[in-house]
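Okay, so here's the structure we're looking at.
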Amino acid sequence: MAGLDRVVRDAKTQESADVSDGNLHTLATNESEFEHVSENNSLAFSWTIVAADFSAAETLLLVQNISETLLLHIESIEAETDNASEIDIHCTDEAALTPAGGTLVTGECLNRAVQKNPTSFSIARSNETANVQGNIIWTAQLVAGTVYNKEFGGAVILAKGQSIAIDITTAPTSLAHCSISGYYKTT
């Protein structure tokens, strides 16, 4: 008859496990690397701009990795405008980037339970016009009033000096906003 054969107890920790029909019962959880890094290292961040009036060919948001030892993995990008617009998501290297002007954006640690809020290893700016558009990795048409979300799942990886940016490429829009989320890992 199937059922509980015995309870195995660890002598040191006093933790127990059920064994039935010769099988140890276990519980497994599944979490993304993004969640894991946030919980265990507090190295998951989000960069978000306040809705503003942008002109065509302006950068909604640019994030540059400045860490000497950590790679920045881009998890997702979200954008919205109140007029139909086109955006280009592109990457540049340090040689093509001079982040200046615009508005400084602070990366916010997503693990809000930590006692000391760590700072991101980044330079981030919105409404920035000095960078040269690099390698376009995604283009999207935005529908007015609809949030566009592009999931990269950490596949876009930035080394020191490299950046990711979202440029609005079509006619001016009244209001637009954008967020980039990502996490740092050792090289």
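Chain labels A, B, ... are given in the sequence in which chains occur in the structure tokens; within each chain residues are numbered consecutively from 1, and ligands are likewise numbered from 1 in the order shown.
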Subject >> Selection near Glu33 (chain A), 12 Å with only C-alpha atoms, sequence-local residues under 2 positions removed, as an MDAnalysis selection string >> reply: chainID A and resid 30:31 35:41 43:44 73:75 153:155 182:185
Original post:
Can you list every residue in region 82-183 of chain A that DSSP puts in strand (DSSP E), as a PyMOL selection string?
Top reply: chain A and resi 85-92+103-104+108-109+122-126+135-142+148-158+163-168+173-183
Original post:
If you run DSSP on the backbone, which residues of region 33-75 of chain A are helix (DSSP H, G or I), as a ChimeraX atom specification?
Top reply: /A:33-41
Original post:
Which residues, written as a PyMOL selection string, have at least one atom at most 12 Å from region 115-124 of chain A, with only C-alpha atoms counted and residues fewer than 6 positions away on the same chain left out?
Top reply: chain A and resi 38+41-49+59-72+94+97-109+131+158-166+179-185
Could you list, as a PDB file with N, CA and C atoms, in the first residue's frame, every residue within 8 Å of Thr81 (chain A), counting only C-alpha atoms and ignoring same-chain residues fewer than 5 positions away?
ATOM      1  N   LEU A 142       4.743  52.518 -32.100  1.00  0.00           N
ATOM      2  CA  LEU A 142       3.941  52.665 -30.890  1.00  0.00           C
ATOM      3  C   LEU A 142       2.564  53.200 -31.258  1.00  0.00           C
ATOM      4  N   VAL A 143       1.546  52.587 -30.725  1.00  0.00           N
ATOM      5  CA  VAL A 143       0.173  53.033 -30.900  1.00  0.00           C
ATOM      6  C   VAL A 143      -0.126  54.015 -29.770  1.00  0.00           C
ATOM      7  N   ALA A 144      -0.762  55.113 -30.085  1.00  0.00           N
ATOM      8  CA  ALA A 144      -1.053  56.142 -29.084  1.00  0.00           C
ATOM      9  C   ALA A 144      -1.764  55.546 -27.873  1.00  0.00           C
ATOM     10  N   GLY A 145      -1.248  55.854 -26.693  1.00  0.00           N
ATOM     11  CA  GLY A 145      -1.883  55.436 -25.452  1.00  0.00           C
ATOM     12  C   GLY A 145      -1.717  53.965 -25.099  1.00  0.00           C
ATOM     13  N   THR A 146      -0.891  53.245 -25.832  1.00  0.00           N
ATOM     14  CA  THR A 146      -0.682  51.826 -25.568  1.00  0.00           C
ATOM     15  C   THR A 146       0.744  51.604 -25.087  1.00  0.00           C
ATOM     16  N   VAL A 147       0.890  50.893 -23.989  1.00  0.00           N
ATOM     17  CA  VAL A 147       2.222  50.605 -23.457  1.00  0.00           C
ATOM     18  C   VAL A 147       2.856  49.501 -24.288  1.00  0.00           C
ATOM     19  N   THR A 173       6.206  63.855 -30.734  1.00  0.00           N
ATOM     20  CA  THR A 173       5.098  63.345 -29.949  1.00  0.00           C
ATOM     21  C   THR A 173       4.833  64.330 -28.828  1.00  0.00           C
ATOM     22  N   SER A 174       3.645  64.353 -28.322  1.00  0.00           N
ATOM     23  CA  SER A 174       3.334  65.279 -27.227  1.00  0.00           C
ATOM     24  C   SER A 174       3.989  64.813 -25.936  1.00  0.00           C
ATOM     25  N   LEU A 175       3.629  63.635 -25.474  1.00  0.00           N
ATOM     26  CA  LEU A 175       4.213  63.096 -24.246  1.00  0.00           C
ATOM     27  C   LEU A 175       4.675  61.671 -24.490  1.00  0.00           C
ATOM     28  N   ALA A 176       5.809  61.338 -23.908  1.00  0.00           N
ATOM     29  CA  ALA A 176       6.326  59.978 -24.002  1.00  0.00           C
ATOM     30  C   ALA A 176       6.990  59.633 -22.684  1.00  0.00           C
ATOM     31  N   HIS A 177       7.010  58.360 -22.358  1.00  0.00           N
ATOM     32  CA  HIS A 177       7.793  57.916 -21.203  1.00  0.00           C
ATOM     33  C   HIS A 177       8.390  56.566 -21.522  1.00  0.00           C
TER      34      HIS A 177
END
**OP:** Using only C-alpha atoms, determine which residues lie at most 12 Å from Gln141 (chain A), disregarding the query and same-chain residues fewer than 4 positions distant; provide the list as an NGL selection string.
**Re:** :A and (79-81 or 83-89 or 146-150 or 167-170)
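Reported to one decimal place, the separation of CA of Ala140 (chain A) from CA of Ser32 (chain A) is 25.6 Å.
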Original post:
What is the CA of Ala11 (chain A) to CA of His25 (chain A) distance in Å?
Top reply: 18.4 Å
Original post:
For the atom pair CA of Glu78 (chain A) and CA of Asp53 (chain A), what is the interatomic distance in Å to one decimal place?
Top reply: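 Answer for the CA of Glu78 (chain A) to CA of Asp53 (chain A) separation: 16.9 Å.
Nearest residue to Asn135 (chain A), choosing from A:Asp93, A:Glu58, A:Asp18, A:Asp82 and counting only C-alpha atoms: A:Asp93.
Comparing the minimum interatomic distances between Asn111 (chain A) and each of A:Val19, A:Ile77, A:Phe34, A:Phe54, counting only C-alpha atoms, we find that A:Phe34 sits nearest.
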